[in-house]
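Novice: Structure file entry.txt (compact mmCIF, C-alpha atoms) is given on the next line.
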# COMPACT_ATOMS: atom_id res chain seq x y z
CA MET A 1 -6.50 -16.74 29.83
CA GLN A 2 -9.16 -18.09 27.50
CA VAL A 3 -9.13 -17.21 23.83
CA ALA A 4 -12.50 -15.48 24.04
CA GLU A 5 -11.34 -13.45 27.01
CA GLU A 6 -8.25 -12.34 25.11
CA GLN A 7 -10.37 -11.42 22.13
CA GLN A 8 -12.48 -9.18 24.33
CA LEU A 9 -9.37 -7.50 25.69
CA VAL A 10 -8.12 -6.87 22.18
CA TYR A 11 -11.52 -5.50 21.20
CA GLN A 12 -11.52 -3.14 24.14
CA ALA A 13 -7.94 -2.09 23.52
CA ARG A 14 -8.79 -1.26 19.91
CA ARG A 15 -11.42 1.09 21.28
CA GLY A 16 -8.79 2.88 23.37
CA ASN A 17 -9.18 1.04 26.67
CA ARG A 18 -5.77 1.37 28.30
CA ASP A 19 -6.61 -1.04 31.08
CA ALA A 20 -7.47 -3.72 28.58
CA PHE A 21 -4.20 -3.12 26.80
CA ARG A 22 -2.35 -3.31 30.08
CA CYS A 23 -3.82 -6.77 30.65
CA LEU A 24 -2.41 -7.83 27.32
CA VAL A 25 0.95 -6.32 28.22
CA ASP A 26 0.97 -8.20 31.50
CA ARG A 27 0.28 -11.44 29.69
CA TYR A 28 2.90 -11.12 26.99
CA MET A 29 5.64 -8.87 28.37
CA LYS A 30 7.90 -11.64 29.65
CA HIS A 31 7.56 -13.64 26.46
CA ALA A 32 8.29 -10.52 24.42
CA TYR A 33 11.35 -9.77 26.53
CA ASP A 34 12.67 -13.35 26.25
CA LEU A 35 12.15 -13.34 22.53
CA ALA A 36 13.91 -10.01 22.15
CA TYR A 37 16.76 -11.14 24.40
CA GLY A 38 17.34 -14.16 22.21
CA PHE A 39 18.16 -11.83 19.35
CA VAL A 40 19.99 -8.98 21.06
CA ASN A 41 21.64 -10.80 23.99
CA ASP A 42 21.53 -7.70 26.12
CA HIS A 43 19.13 -6.68 28.88
CA ASP A 44 18.88 -2.99 27.96
CA ASP A 45 18.37 -3.73 24.28
CA ALA A 46 15.83 -6.44 25.04
CA GLU A 47 13.92 -4.02 27.27
CA ASP A 48 13.93 -1.36 24.55
CA VAL A 49 12.83 -3.83 21.91
CA ALA A 50 10.00 -5.14 24.05
CA GLN A 51 8.78 -1.66 24.95
CA GLU A 52 8.94 -0.44 21.37
CA SER A 53 7.11 -3.55 20.22
CA PHE A 54 4.23 -2.98 22.61
CA LEU A 55 3.92 0.65 21.60
CA ARG A 56 3.88 -0.39 17.95
CA ALA A 57 1.26 -2.96 18.79
CA TRP A 58 -0.89 -0.30 20.41
CA GLN A 59 -0.57 1.95 17.37
CA GLY A 60 -1.20 -0.92 14.98
CA LEU A 61 -4.22 -2.35 16.77
CA VAL A 62 -6.59 -0.62 14.40
CA ARG A 63 -5.07 -2.67 11.59
CA PHE A 64 -5.07 -5.94 13.53
CA ARG A 65 -7.61 -8.14 11.80
CA GLY A 66 -7.57 -11.02 14.25
CA GLU A 67 -6.77 -13.66 11.66
CA ALA A 68 -3.79 -14.76 13.70
CA GLY A 69 -3.81 -14.69 17.49
CA PHE A 70 -2.72 -11.52 19.25
CA GLY A 71 0.35 -13.31 20.60
CA THR A 72 1.48 -14.44 17.15
CA TRP A 73 0.96 -10.94 15.84
CA LEU A 74 2.87 -9.41 18.74
CA TYR A 75 5.76 -11.84 18.39
CA ARG A 76 6.00 -10.92 14.75
CA ILE A 77 6.42 -7.31 15.75
CA VAL A 78 9.02 -8.21 18.37
CA THR A 79 10.96 -10.30 15.87
CA ASN A 80 11.03 -7.50 13.32
CA VAL A 81 12.02 -4.86 15.85
CA ALA A 82 14.70 -7.11 17.30
CA LEU A 83 16.17 -7.98 13.93
CA ASN A 84 16.28 -4.30 13.03
CA ARG A 85 18.06 -3.58 16.28
CA VAL A 86 20.61 -6.31 15.56
CA LYS A 87 21.19 -4.92 12.10
CA GLN A 88 21.75 -1.44 13.50
CA LYS A 89 24.16 -2.74 16.08
CA ASN A 90 26.08 -4.73 13.50
CA SER A 91 26.35 -1.71 11.24
CA ALA A 92 27.55 0.45 14.10
CA ALA A 93 30.08 -2.18 15.14
CA ARG A 94 31.48 -2.43 11.62
CA ARG A 95 31.96 1.32 11.52
CA ARG A 96 33.86 1.20 14.81
CA LEU A 97 36.21 -1.65 13.79
CA PRO A 98 39.85 -0.58 14.45
CA HIS A 99 42.45 -0.63 11.73
CA ASP A 100 46.08 -1.60 12.22
CA GLY A 101 48.98 0.25 10.62
CA THR A 102 48.73 -1.64 7.36
CA GLY A 103 45.04 -0.84 6.95
CA ASP A 104 43.88 -4.43 7.45
CA ILE A 105 40.79 -5.02 9.52
CA PRO A 106 41.38 -7.75 12.10
CA HIS A 107 39.08 -10.75 11.84
CA ASP A 108 36.76 -11.85 14.61
CA PRO A 109 38.55 -12.98 17.75
CA PRO A 110 38.70 -16.74 18.28
CA TRP A 111 36.41 -18.53 20.69
CA PRO A 112 37.43 -17.53 24.21
CA ASP A 113 38.72 -19.91 26.82
CA LEU A 114 35.74 -21.66 28.35
CA SER A 115 37.25 -21.43 31.78
CA ARG A 116 36.78 -17.69 31.73
CA ILE A 117 33.27 -17.32 30.35
CA ASP A 118 30.06 -19.05 31.20
CA VAL A 119 28.20 -21.44 28.98
CA ARG A 120 25.40 -19.03 28.39
CA THR A 121 27.70 -16.46 26.84
CA HIS A 122 29.12 -19.14 24.62
CA VAL A 123 25.69 -20.17 23.48
CA GLU A 124 24.73 -16.56 22.82
CA ARG A 125 27.77 -16.11 20.62
CA ALA A 126 26.99 -19.30 18.77
CA LEU A 127 23.43 -18.18 18.15
CA HIS A 128 24.76 -14.93 16.82
CA GLU A 129 26.75 -16.86 14.24
CA LEU A 130 23.65 -18.41 12.70
CA PRO A 131 21.97 -16.99 9.60
CA THR A 132 19.11 -14.71 10.51
CA LEU A 133 16.26 -17.06 9.66
CA GLN A 134 17.83 -20.06 11.37
CA ARG A 135 18.55 -17.98 14.46
CA ALA A 136 14.99 -16.67 14.50
CA VAL A 137 13.56 -20.19 14.26
CA VAL A 138 15.82 -21.56 17.01
CA ILE A 139 15.02 -18.68 19.32
CA LEU A 140 11.29 -18.83 18.72
CA ARG A 141 10.88 -22.60 18.60
CA HIS A 142 13.32 -23.85 21.19
CA ILE A 143 14.41 -21.06 23.48
CA ASN A 144 10.95 -19.54 23.73
CA GLY A 145 9.04 -22.79 23.42
CA LEU A 146 6.61 -21.69 20.73
CA SER A 147 4.96 -24.30 18.53
CA THR A 148 5.92 -24.89 14.91
CA LYS A 149 2.56 -23.46 13.89
CA GLN A 150 3.12 -20.30 15.89
CA VAL A 151 6.60 -19.85 14.50
CA SER A 152 5.34 -20.28 10.95
CA GLY A 153 2.69 -17.61 11.64
CA ILE A 154 5.24 -15.21 13.07
CA LEU A 155 7.78 -15.61 10.30
CA GLY A 156 5.28 -16.00 7.52
CA CYS A 157 6.61 -19.29 6.22
CA SER A 158 5.35 -22.87 6.07
CA GLU A 159 5.68 -25.28 8.96
CA GLY A 160 7.93 -27.44 6.80
CA THR A 161 10.26 -24.49 6.30
CA VAL A 162 10.31 -23.90 10.03
CA LYS A 163 11.31 -27.52 10.68
CA THR A 164 14.00 -27.44 8.01
CA HIS A 165 15.57 -24.25 9.30
CA LEU A 166 15.34 -25.46 12.86
CA HIS A 167 17.22 -28.63 11.95
CA ARG A 168 19.89 -26.76 10.02
CA GLY A 169 20.29 -24.18 12.77
CA LEU A 170 20.70 -26.84 15.44
CA VAL A 171 23.22 -28.75 13.30
CA LYS A 172 25.29 -25.62 12.89
CA LEU A 173 25.04 -24.88 16.61
CA ARG A 174 26.29 -28.35 17.25
CA LYS A 175 29.43 -27.61 15.26
CA LEU A 176 29.92 -24.26 17.02
CA LEU A 177 29.31 -25.68 20.47
CA GLY A 178 31.10 -28.95 19.87
CA HIS A 179 34.12 -28.16 22.07
CA LEU A 180 31.79 -26.92 24.76
CA GLU A 181 30.16 -30.33 24.86
CA GLU A 182 33.55 -32.02 24.95
CA ASP A 183 34.61 -29.84 27.85
CA ARG A 184 31.52 -30.75 29.81
CA LEU A 185 32.13 -34.44 29.18
CA MET B 186 12.00 -34.98 0.26
CA THR B 187 13.74 -38.24 1.08
CA THR B 188 12.91 -40.38 4.07
CA HIS B 189 16.16 -39.33 5.71
CA GLU B 190 15.33 -35.64 5.34
CA HIS B 191 11.80 -36.23 6.59
CA VAL B 192 13.02 -38.08 9.67
CA ARG B 193 15.69 -35.48 10.44
CA ASN B 194 13.07 -32.75 10.31
CA LEU B 195 11.12 -34.69 12.93
CA LEU B 196 14.05 -35.37 15.25
CA TYR B 197 13.50 -32.22 17.27
CA GLU B 198 9.89 -33.08 18.06
CA TYR B 199 10.92 -36.68 18.65
CA LEU B 200 13.50 -35.73 21.24
CA ARG B 201 11.04 -33.44 22.97
CA SER B 202 8.32 -36.12 22.89
CA GLU B 203 6.05 -33.94 20.83
CA LEU B 204 5.31 -36.44 18.05
CA GLY B 205 2.13 -38.44 17.68
CA ASP B 206 2.28 -42.19 18.07
CA GLN B 207 2.33 -42.92 14.35
CA GLU B 208 5.19 -40.55 13.57
CA ARG B 209 7.12 -41.57 16.67
CA VAL B 210 7.03 -45.22 15.67
CA MET B 211 8.07 -44.34 12.15
CA VAL B 212 11.07 -42.33 13.40
CA GLU B 213 12.16 -45.06 15.85
CA ARG B 214 11.99 -47.75 13.20
CA HIS B 215 14.08 -45.62 10.85
CA LEU B 216 16.69 -44.87 13.51
CA GLU B 217 17.08 -48.57 14.15
CA ILE B 218 18.19 -49.18 10.59
CA CYS B 219 19.91 -45.90 9.59
CA ASP B 220 23.30 -45.17 11.13
CA ARG B 221 23.53 -41.65 9.73
CA CYS B 222 20.18 -40.54 11.08
CA ARG B 223 20.92 -42.18 14.40
CA GLU B 224 24.19 -40.23 14.58
CA ALA B 225 22.32 -37.02 13.66
CA CYS B 226 19.86 -37.72 16.46
CA GLY B 227 22.73 -38.06 18.91
CA GLU B 228 24.25 -34.79 17.75
CA LEU B 229 20.94 -33.04 18.11
CA ARG B 230 20.42 -34.39 21.60
CA ALA B 231 23.84 -33.05 22.57
CA VAL B 232 23.11 -29.52 21.43
CA LEU B 233 19.69 -29.52 23.06
CA ASP B 234 21.34 -30.41 26.33
CA VAL B 235 23.36 -27.22 26.10
CA LEU B 236 20.83 -24.81 24.70
CA PRO B 237 18.62 -23.00 27.15
CA GLY B 238 14.90 -23.60 26.88
CA PRO B 239 11.83 -21.78 28.12
CA GLU B 240 12.65 -22.93 31.62
CA ASN B 241 15.84 -20.85 31.45
CA ALA B 242 14.12 -17.70 30.29
CA PRO B 243 16.06 -14.47 30.96
CA SER B 244 12.84 -12.87 32.17
CA ALA B 245 12.85 -15.17 35.20
CA GLU B 246 15.94 -13.40 36.48
CA LEU B 247 14.07 -10.11 36.80
CA SER B 248 11.97 -9.23 39.82
CA GLU B 249 8.20 -8.88 39.89
CA GLU B 250 8.66 -5.22 40.80
CA TYR B 251 10.55 -4.76 37.55
CA TRP B 252 7.72 -6.27 35.56
CA THR B 253 5.13 -4.18 37.34
CA GLU B 254 7.04 -1.06 36.42
CA PHE B 255 7.55 -2.33 32.89
CA SER B 256 3.83 -2.78 32.39
CA ARG B 257 3.00 0.59 33.89
CA GLY B 258 5.65 2.29 31.77
CA ILE B 259 4.16 0.90 28.58
CA VAL B 260 0.69 2.20 29.37
CA ASP B 261 1.99 5.58 30.53
CA ALA B 262 3.89 5.94 27.28
CA ILE B 263 0.69 5.76 25.25
CA PRO B 264 -0.14 9.32 24.21
CA VAL B 265 -3.50 10.51 25.46
CA HIS B 266 -4.60 11.80 22.08
CA GLU B 267 -4.01 8.39 20.58
CA GLU B 268 -6.36 6.95 23.13
CA GLU B 269 -9.02 9.42 22.07
CA LEU B 270 -8.40 8.63 18.42
CA LYS B 271 -8.91 4.96 19.10
CA ARG B 272 -12.28 5.59 20.75
CA SER B 273 -13.55 6.98 17.48
CA ALA B 274 -11.90 4.26 15.42
CA PRO B 275 -13.84 1.30 14.07
CA ALA B 276 -13.95 -1.79 16.25
CA GLY B 277 -12.55 -4.10 13.62
CA ARG B 278 -13.44 -7.34 11.99
CA GLY B 279 -14.49 -10.27 14.04
CA PHE B 280 -15.73 -8.40 17.07
CA ALA B 281 -18.21 -5.79 15.90
CA PRO B 282 -19.68 -4.69 12.59
CA PRO B 283 -16.58 -3.34 10.95
CA PHE B 284 -17.60 -0.03 9.44
CA SER B 285 -14.14 0.41 8.01
CA ALA B 286 -14.48 -2.90 6.17
CA LEU B 287 -17.90 -1.87 4.88
CA ARG B 288 -16.50 1.46 3.83
CA ARG B 289 -13.66 -0.25 2.01
CA ARG B 290 -16.23 -2.15 -0.02
CA LEU B 291 -18.73 0.69 -0.43
CA VAL B 292 -16.31 3.32 -1.69
CA PRO B 293 -15.25 1.46 -4.84
CA VAL B 294 -18.84 0.40 -5.50
CA LEU B 295 -20.18 3.93 -5.10
CA GLY B 296 -17.32 5.27 -7.14
CA SER B 297 -18.13 2.86 -9.94
CA VAL B 298 -21.79 3.78 -9.86
CA LEU B 299 -20.97 7.48 -10.00
CA LEU B 300 -18.58 6.89 -12.87
CA LEU B 301 -21.25 4.96 -14.71
CA ILE B 302 -23.81 7.70 -14.21
CA GLY B 303 -21.29 10.33 -15.27
CA GLY B 304 -20.41 8.34 -18.33
CA MET B 305 -24.04 7.92 -19.28
CA TYR B 306 -24.61 11.64 -18.86
CA LEU B 307 -21.62 12.47 -21.01
CA ALA B 308 -22.72 9.98 -23.63
CA TRP B 309 -26.17 11.54 -23.61
CA LEU B 310 -24.64 14.98 -24.00
CA VAL B 311 -22.44 13.82 -26.86
CA TRP B 312 -25.22 11.87 -28.58
CA PHE B 313 -27.69 14.61 -28.34
CA THR B 314 -25.34 17.46 -29.19
CA PRO B 315 -26.06 19.15 -32.48
CA GLY B 316 -23.32 17.21 -34.33
CA HIS B 317 -24.96 13.88 -33.67
CA GLN B 318 -28.56 14.63 -33.26
CA PRO B 319 -30.70 13.51 -36.20
CA GLU B 320 -32.01 16.34 -38.29
CA GLY B 321 -35.20 17.81 -37.09
CA MET B 322 -34.92 16.23 -33.68
CA HIS B 323 -34.84 18.64 -30.80
CA ARG B 324 -34.00 18.08 -27.21
CA ASP B 325 -36.59 18.81 -24.74
CA ILE B 326 -35.61 22.45 -24.16
CA PRO B 327 -37.91 25.10 -22.74
CA ALA B 328 -39.41 27.35 -25.40
CA ALA B 329 -37.86 30.52 -23.97
CA ALA B 330 -34.38 28.97 -24.09
CA VAL B 331 -34.93 27.96 -27.73
CA THR B 332 -35.96 31.49 -28.62
CA ILE B 333 -32.85 32.95 -26.99
CA ALA B 334 -30.64 30.42 -28.72
CA GLU B 335 -32.19 31.18 -32.08
CA ASP B 336 -31.61 34.88 -31.59
CA ARG B 337 -28.02 34.29 -30.66
CA PHE B 338 -27.51 32.01 -33.62
CA ASP B 339 -28.85 34.71 -35.88
CA GLN B 340 -26.31 37.13 -34.47
CA TYR B 341 -23.61 34.51 -34.88
CA LEU B 342 -24.42 34.17 -38.54
CA ARG B 343 -24.44 37.91 -39.11
CA LYS B 344 -21.10 38.49 -37.42
CA SER B 345 -19.53 35.51 -39.15
CA LYS B 346 -20.63 36.84 -42.47
CA VAL B 347 -19.15 40.25 -41.70
CA LEU B 348 -15.85 38.66 -40.74
CA LEU B 349 -15.65 36.39 -43.73
CA VAL B 350 -16.64 39.06 -46.20
CA GLY B 351 -13.99 41.36 -44.77
CA MET B 352 -11.34 38.67 -45.00
CA THR B 353 -12.17 37.69 -48.57
CA ASN B 354 -12.27 41.32 -49.69
CA MET B 355 -8.93 42.16 -48.15
CA PRO B 356 -6.53 43.49 -50.83
CA ALA B 357 -3.72 41.15 -51.75
CA THR B 358 -1.17 43.92 -52.08
CA VAL B 359 -1.12 44.91 -48.45
CA ASP B 360 2.32 44.48 -46.95
CA GLU B 361 1.22 44.17 -43.39
CA ALA B 362 -2.18 44.30 -41.80
CA ASP B 363 -3.32 44.76 -38.27
CA PHE B 364 -5.55 41.80 -37.48
CA ASP B 365 -6.52 42.74 -33.95
CA PRO B 366 -10.19 43.47 -34.80
CA GLU B 367 -10.50 40.22 -36.73
CA ARG B 368 -8.75 38.28 -33.98
CA LYS B 369 -11.07 39.68 -31.33
CA LEU B 370 -14.17 38.97 -33.39
CA SER B 371 -12.99 35.44 -34.07
CA ASN B 372 -12.49 34.80 -30.34
CA GLU B 373 -15.98 36.12 -29.70
CA LEU B 374 -17.48 33.89 -32.36
CA ILE B 375 -15.61 30.84 -31.10
CA ARG B 376 -17.02 31.36 -27.61
CA GLU B 377 -20.49 31.90 -29.03
CA GLY B 378 -20.22 28.76 -31.07
CA ARG B 379 -19.39 26.75 -27.94
CA TYR B 380 -22.49 28.10 -26.24
CA LEU B 381 -24.66 27.28 -29.24
CA ARG B 382 -23.38 23.71 -29.27
CA ARG B 383 -24.78 23.22 -25.80
CA VAL B 384 -28.17 24.54 -26.94
CA PRO B 385 -28.56 22.80 -30.26
CA LEU B 386 -30.94 24.23 -32.79
CA ASP B 387 -30.57 21.73 -35.59
CA ALA B 388 -27.92 19.44 -36.99
CA ARG B 389 -27.17 21.61 -39.97
CA SER B 390 -26.42 24.60 -37.75
CA ALA B 391 -24.07 22.54 -35.60
CA ILE B 392 -22.15 21.41 -38.67
CA LEU B 393 -21.87 25.00 -39.83
CA ILE B 394 -20.46 26.10 -36.48
CA ALA B 395 -17.83 23.33 -36.63
CA GLU B 396 -16.80 24.41 -40.12
CA MET B 397 -16.61 28.04 -39.02
CA ASP B 398 -14.19 27.02 -36.24
CA LYS B 399 -11.74 25.76 -38.85
CA VAL B 400 -11.36 29.33 -40.05
CA LEU B 401 -11.98 31.21 -36.81
CA ILE B 402 -9.35 29.38 -34.75
CA PRO B 403 -6.39 30.27 -37.01
CA ILE B 404 -7.54 33.88 -37.04
CA ALA B 405 -7.91 33.92 -33.25
CA ASN B 406 -4.40 32.49 -32.82
CA ALA B 407 -2.84 34.80 -35.41
CA ARG B 408 0.06 37.09 -34.72
CA HIS B 409 -0.47 40.78 -34.21
CA THR B 410 0.18 41.43 -37.90
CA TRP B 411 -0.21 39.17 -40.83
CA TYR B 412 1.63 39.08 -44.07
CA PRO B 413 0.12 38.71 -47.54
CA ALA B 414 0.85 34.99 -47.59
CA ASP B 415 -1.13 34.47 -44.43
CA VAL B 416 -4.09 36.43 -45.79
CA GLU B 417 -4.03 34.43 -49.02
CA LEU B 418 -4.02 31.18 -47.09
CA LEU B 419 -7.00 32.27 -45.07
CA LYS B 420 -8.97 33.30 -48.15
CA ARG B 421 -8.40 29.88 -49.70
CA GLY B 422 -9.70 28.27 -46.55
CA ILE B 423 -12.89 30.31 -46.61
CA LEU B 424 -13.49 29.52 -50.24
CA ARG B 425 -12.67 25.83 -49.80
CA GLU B 426 -15.25 25.47 -47.09
CA ASN B 427 -17.72 27.56 -49.04
CA LEU B 428 -18.62 29.21 -45.79
CA LEU B 429 -20.29 32.34 -47.09
CA PHE B 430 -22.63 30.28 -49.22
CA LYS B 431 -23.52 28.04 -46.25
CA ILE B 432 -24.18 31.04 -44.06
CA ARG B 433 -26.54 32.44 -46.64
CA ILE B 434 -28.34 29.11 -46.87
CA ALA B 435 -28.70 28.98 -43.09
CA GLU B 436 -30.07 32.50 -43.01
CA ASN B 437 -32.57 31.74 -45.74
CA LEU B 438 -33.76 28.62 -44.00
CA ARG B 439 -34.30 30.51 -40.80
CA ASP B 440 -36.17 33.24 -42.66
CA SER B 441 -38.38 30.62 -44.28
CA SER B 442 -39.23 28.97 -41.00
CA PHE B 443 -39.94 32.33 -39.43
CA ILE B 444 -42.27 33.18 -42.24
CA MET B 445 -44.01 29.81 -41.92
CA HIS B 446 -44.48 30.29 -38.17
CA ALA B 447 -45.82 33.80 -38.80
CA LEU B 448 -48.26 32.48 -41.41
CA ASN B 449 -49.46 29.75 -39.10
CA ASP B 450 -50.03 32.19 -36.27
CA ASN B 451 -52.11 34.29 -38.52
Could I get this structure in the form of structure tokens?

Specialist:
Amino acid sequence: MQVAEEQQLVYQARRGNRDAFRCLVDRYMKHAYDLAYGFVNDHDDAEDVAQESFLRAWQGLVRFRGEAGFGTWLYRIVTNVALNRVKQKNSAARRRLPHDGTGDIPHDPPWPDLSRIDVRTHVERALHELPTLQRAVVILRHINGLSTKQVSGILGCSEGTVKTHLHRGLVKLRKLLGHLEEDRL
Amino acid sequence: MTTHEHVRNLLYEYLRSELGDQERVMVERHLEICDRCREACGELRAVLDVLPGPENAPSAELSEEYWTEFSRGIVDAIPVHEEELKRSAPAGRGFAPPFSALRRRLVPVLGSVLLLIGGMYLAWLVWFTPGHQPEGMHRDIPAAAVTIAEDRFDQYLRKSKVLLVGMTNMPATVDEADFDPERKLSNELIREGRYLRRVPLDARSAILIAEMDKVLIPIANARHTWYPADVELLKRGILRENLLFKIRIAENLRDSSFIMHALNDN
């Protein structure tokens, strides 16, 4: 889809054209889902995040000024919605943590035996261990294949910051996934 | 940022062959001579081999029927009234003349202009009110309005004199006095004075009205009954301002001007 064509769709959607908005949904729904999945690691949550993001985009179209591309703007919404969902899930999980008889809260379980889980699950857990910004950069830049410029537009930071956080996030993933690599070797 | 940090920040693009020729050559030359950066590059390559990329997108595992339903569900979820609202909404910048953007600029400009006009009007009112207007200078007021104002000012002077004479002649031995009549008359004179300020006759009259307020306001705000000390205080105020004398002067001046007008007419 050409840029001018997308601009026309956005223009029509701003005027209430549902068909035009559906064209935009069709173009970006898989990317939005993949981006959301990278954060929430769950199909149902990713679906909810993607749907909510598109509805927010529809409601926010009147405020969309077109300075960044529609995709960048949409991904920003998806990232924010996904991070909020992760925060809610983490809060809910902390409230449900069981207590033993002494009142101590057990720490996180150790890395599971690789023979019983697949690599993807291991990677998802490792991603979850990263700080929020590093995780966001890795998901956007590598897993979703967005450019450094796009990622900087989505997260509102400089391209240099994106590169720095990407490097740090990948270094940390290396440490977390180190025994996975050894097992494969 | 050191060279090592700069190179490490480029390793990702280097491994994915996304660097330009100049940067790629720079990175390769550095890796040839720096063991630590070369080791970091190896570590990064190892993790990239494990991490899924766009080619492993989770969305690829879902059927086309799912995505068709997903898209339809989004559009169906849009409330109808929102669609109608959008039709009346501005198109937005970059695609059509953005009325909302114009409005955002016009409103503060118009507001400033209105404020300026209002301020000028207020300044004009203040400047040309009787307190500030040079003596003998009249606003451009219709003759009938001036006549009415003069009549009302005459009544104001008469009633003020009655009030002040009554207050100054009040016996000092009275234990308590009912000041309701005086309070009511004072309120009436205060209101009349405010009207007369808006229809200025001359500067001297405006000054007299302001001085009368100094005495009228305490009387208007007085308690139901006063005590001898209160009456004494009020008398001193009247005498200090020499109000009765000023009222007589104002009356004489008005009589003189009336006589002059009458002589001229004849």

Novice: For chain B, work out the contacting residues on chain A at 6 Å, counting only C-alpha atoms, and write them as a PyMOL selection string.

Specialist: chain A and resi 15-16+30+34+65+142-145+163-164+174

Novice: Return the single residue from A:Ala92, A:Val119, A:Val10, A:Val49 that is closest to Arg63 in chain A, with distances computed using only C-alpha atoms.

Specialist: A:Val10

Novice: One decimal, in Å: what's the spacing between CA of Ser147 in chain A and CA of Val81 in chain A?

Specialist: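 Taking CA of Ser147 in chain A as the start and CA of Val81 in chain A as the end point, the length is 20.9 Å.
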
Novice: Work out how far CA of Thr353 in chain B is from CA of Ala405 in chain B, in Å to one decimal.

Specialist: 16.3 Å

Novice: In Å, how far is it from CA of Glu377 in chain B to CA of Tyr341 in chain B?

Specialist: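 Calculated distance between CA of Glu377 in chain B and CA of Tyr341 in chain B is 7.1 Å.
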
Novice: Let me make sure I understand: among B:Leu291, B:Val384, B:Leu348, B:Met397, which one has the smallest atom-to-atom distance to Leu428 in chain B if we use only C-alpha atoms?

Specialist: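 Under the stated criterion, the closest residue is B:Met397.
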
Novice: Ranking A:Ala68, A:Leu9, A:Leu146, A:Val40 by minimum distance to Asp26 in chain A and counting only C-alpha atoms, which one comes first?

Specialist: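 Between A:Ala68, A:Leu9, A:Leu146, A:Val40, the residue approaching Asp26 in chain A most closely is A:Leu9.
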
Novice: Of the residues A:Arg135, A:Lys149, A:Arg56, A:Arg27, which is the one nearest to His165 in chain A, using only C-alpha atoms?

Specialist: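 Result for the nearest residue to His165 in chain A: A:Arg135.
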
Novice: Residues within 12 Å of Tyr199 in chain B, please, as a ChimeraX atom specification. Count all atoms listed in the file; anything in the same chain fewer than 5 positions from it doesn't count.

Specialist: /B:192-194,204-213,216,226-227,229-230

Novice: Choose the residue, out of A:Thr148, A:Arg125, A:Asp44, A:Gly153, that has the smallest atom-to-atom separation from Ile77 in chain A; count only C-alpha atoms.

Specialist: A:Gly153

Novice: Using only C-alpha atoms, which residues sit within 10 Å of Leu342 in chain B once same-chain residues fewer than 2 positions away are excluded, as a list in words?

Specialist: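 With the cut-off at 10 Å, the set is Arg337, Phe338, Asp339, Gln340, Lys344, Ser345, Lys346, Val347, Leu348, Leu374, Ser390, Leu393, Ile394, Met397, Leu429, Lys431, Ile432, Arg433, Ala435 and Glu436 of chain B.
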
Novice: Report as number ranges by chain all protein, DNA and RNA residues lying within 12 Å of Glu367 in chain B, evaluated on all atoms listed in the file, omitting residues in the same chain fewer than 3 positions from it.

Specialist: B: 344-345, 347-352, 355, 362-364, 370-374, 400-411, 416
